[in-house]
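Enquirer: For reference, the structure I am asking about is given below.
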Amino acid sequence: MTLRRRLAVLAAALLTVPLFSVIFSAAPAGAHGWITSPPSRQDQCATGAVANCGSIQYEPQSVEAPKGSRNCSGGNSNFTVLDQENKGWIVTNISSSTTFSWRNTAMHRTLNWQYYVDGNLHQTFTNGNAQPPQVVNHNVTGLPSGRHKVLAVWNIYDTAMAFYSCVDVNVGGGGGGGPTTPPPTGGCGAAWSAAAVYTGGMTVSHKSRKYTARWWTQGEEPGTTGEWGVWQDNGAC
């Protein structure tokens, strides 16, 4: 190959590099998230409340599949353990109006969140096609009494994908039960305990201040996790 030919090939290669950089940098960031409170099936796997879940215990945020599924796994073959009704999922006692909390590890423009009760669409929340914050809370109301499986679906706006999260609940009490916290102390909420398990949305009091958990935690002392840590400081009691 002549020197002139070699220089031409090198110049073409250098011109190609910025093109690839533009293509890859323009690709949308992945969105990931799951329900932490009441504890979803994948959250129970991640916390060890339910054992032998496979890879989902390491990536509860990754139950991603095309929109339209009514399975807890979303039809994702990697996470079919979530579809097993006899797995021993913990049933959480809740009221007919309960806050469901999502923890998002990557944010994406959102079409909506849909909540299905035993396969029937119950309530829909929209976000103006905007990116959600790291923690999203939905107050789901009018839940029917008794034992139910709630399927929450996070539909992404600009892709064909959605994220799926199933929660086993008992509306109105009796049977089941989820993580417990110490009894309340005054108007500031329950006193924080290093041994207790807390999920997103739970509040505690510690050293005369009130804190709200952003996601699942155990043993992390409020006031020591920093501005972006698990505990949100709500001020003095």
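Scheme for the structure tokens: letters A, B, ... for chains in order shown; per-chain residue numbers from 1; ligand numbers from 1 in order shown.
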Taking only stretch 35-231 of chain A into account, list the residues labelled alpha helix (DSSP H) by DSSP (computed from the backbone), as a list in words.
Expert: Arg41, Gln42, Asp43, Gln44, Cys45, Ala46 and Thr47 of chain A
Enquirer: Go ahead and write the residues just picked, N, CA and C atoms, as a PDB file, in the first residue's frame.
Expert:
ATOM      1  N   ARG A  41     -42.443  -8.520  45.497  1.00  0.00           N
ATOM      2  CA  ARG A  41     -41.804  -9.841  45.461  1.00  0.00           C
ATOM      3  C   ARG A  41     -40.307  -9.726  45.227  1.00  0.00           C
ATOM      4  N   GLN A  42     -39.883  -8.874  44.277  1.00  0.00           N
ATOM      5  CA  GLN A  42     -38.448  -8.768  44.038  1.00  0.00           C
ATOM      6  C   GLN A  42     -37.724  -8.078  45.181  1.00  0.00           C
ATOM      7  N   ASP A  43     -38.447  -7.194  45.910  1.00  0.00           N
ATOM      8  CA  ASP A  43     -37.830  -6.564  47.072  1.00  0.00           C
ATOM      9  C   ASP A  43     -37.615  -7.593  48.170  1.00  0.00           C
ATOM     10  N   GLN A  44     -38.568  -8.516  48.335  1.00  0.00           N
ATOM     11  CA  GLN A  44     -38.407  -9.574  49.332  1.00  0.00           C
ATOM     12  C   GLN A  44     -37.231 -10.476  48.988  1.00  0.00           C
ATOM     13  N   CYS A  45     -37.021 -10.690  47.695  1.00  0.00           N
ATOM     14  CA  CYS A  45     -35.853 -11.480  47.275  1.00  0.00           C
ATOM     15  C   CYS A  45     -34.559 -10.731  47.572  1.00  0.00           C
ATOM     16  N   ALA A  46     -34.549  -9.424  47.280  1.00  0.00           N
ATOM     17  CA  ALA A  46     -33.342  -8.622  47.461  1.00  0.00           C
ATOM     18  C   ALA A  46     -32.958  -8.492  48.928  1.00  0.00           C
ATOM     19  N   THR A  47     -33.951  -8.443  49.802  1.00  0.00           N
ATOM     20  CA  THR A  47     -33.671  -8.292  51.225  1.00  0.00           C
ATOM     21  C   THR A  47     -33.434  -9.615  51.934  1.00  0.00           C
TER      22      THR A  47
END
Enquirer: Tell me, as a list in words, which residues lie within 10 Å of A:Asn76, counting only C-alpha atoms; anything in the same chain fewer than 2 positions away does not count.
Expert: Ser62, Val63, Glu64, Ala65, Pro66, Ser69, Asn71, Cys72, Ser73, Gly74, Asn78, Phe79, Thr80, Leu82 and Tyr164 of chain A
Enquirer: Would you mind exporting the chosen residues as a JSON list (two decimals), in the first residue's frame, restricted to C-alpha atoms?
Expert:
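Output contents, as saved in part_11.json:
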[["chain", "number", "residue", "atom", "x", "y", "z"],
["A", 62, "SER", "CA", -34.38, -5.05, 36.34],
["A", 63, "VAL", "CA", -37.79, -6.66, 35.75],
["A", 64, "GLU", "CA", -38.07, -5.12, 32.30],
["A", 65, "ALA", "CA", -40.19, -6.48, 29.44],
["A", 66, "PRO", "CA", -42.40, -5.24, 26.60],
["A", 69, "SER", "CA", -47.88, -8.22, 30.18],
["A", 71, "ASN", "CA", -47.22, -11.35, 34.76],
["A", 72, "CYS", "CA", -45.12, -10.38, 37.75],
["A", 73, "SER", "CA", -42.03, -11.15, 35.65],
["A", 74, "GLY", "CA", -43.42, -9.16, 32.73],
["A", 78, "ASN", "CA", -34.82, -14.43, 33.60],
["A", 79, "PHE", "CA", -37.25, -13.69, 36.41],
["A", 80, "THR", "CA", -40.05, -16.26, 36.16],
["A", 82, "LEU", "CA", -41.69, -13.96, 40.47],
["A", 164, "TYR", "CA", -43.14, -4.80, 36.52]]
Enquirer: I'd like the neighbourhood of stretch 197-209 of chain A as number ranges by chain, where a residue qualifies if any of its atoms comes within 9 Å (using only C-alpha atoms), though same-chain residues fewer than 4 positions away should be ignored.
Expert: A: 35-39, 99-103, 135, 137, 179-181, 184-185, 188-193, 213-219, 221-223, 230, 233-237
Enquirer: Grab the atom CA of A:Ser96 to atom CA of A:Thr126 distance for me, in Å with one decimal place.
Expert: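 Separation of atom CA of A:Ser96 and atom CA of A:Thr126: 20.9 Å.
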Enquirer: Taking the backbone alone, and naming residues the way the document does, which bits of stretch 56-235 of chain A are strand (DSSP E) by DSSP, as an NGL selection string?
Expert: :A and (64-66 or 92-94 or 98-106 or 110-117 or 120-126 or 135-140 or 146-156 or 161-171 or 190-191 or 203-206 or 209-213 or 231-235)
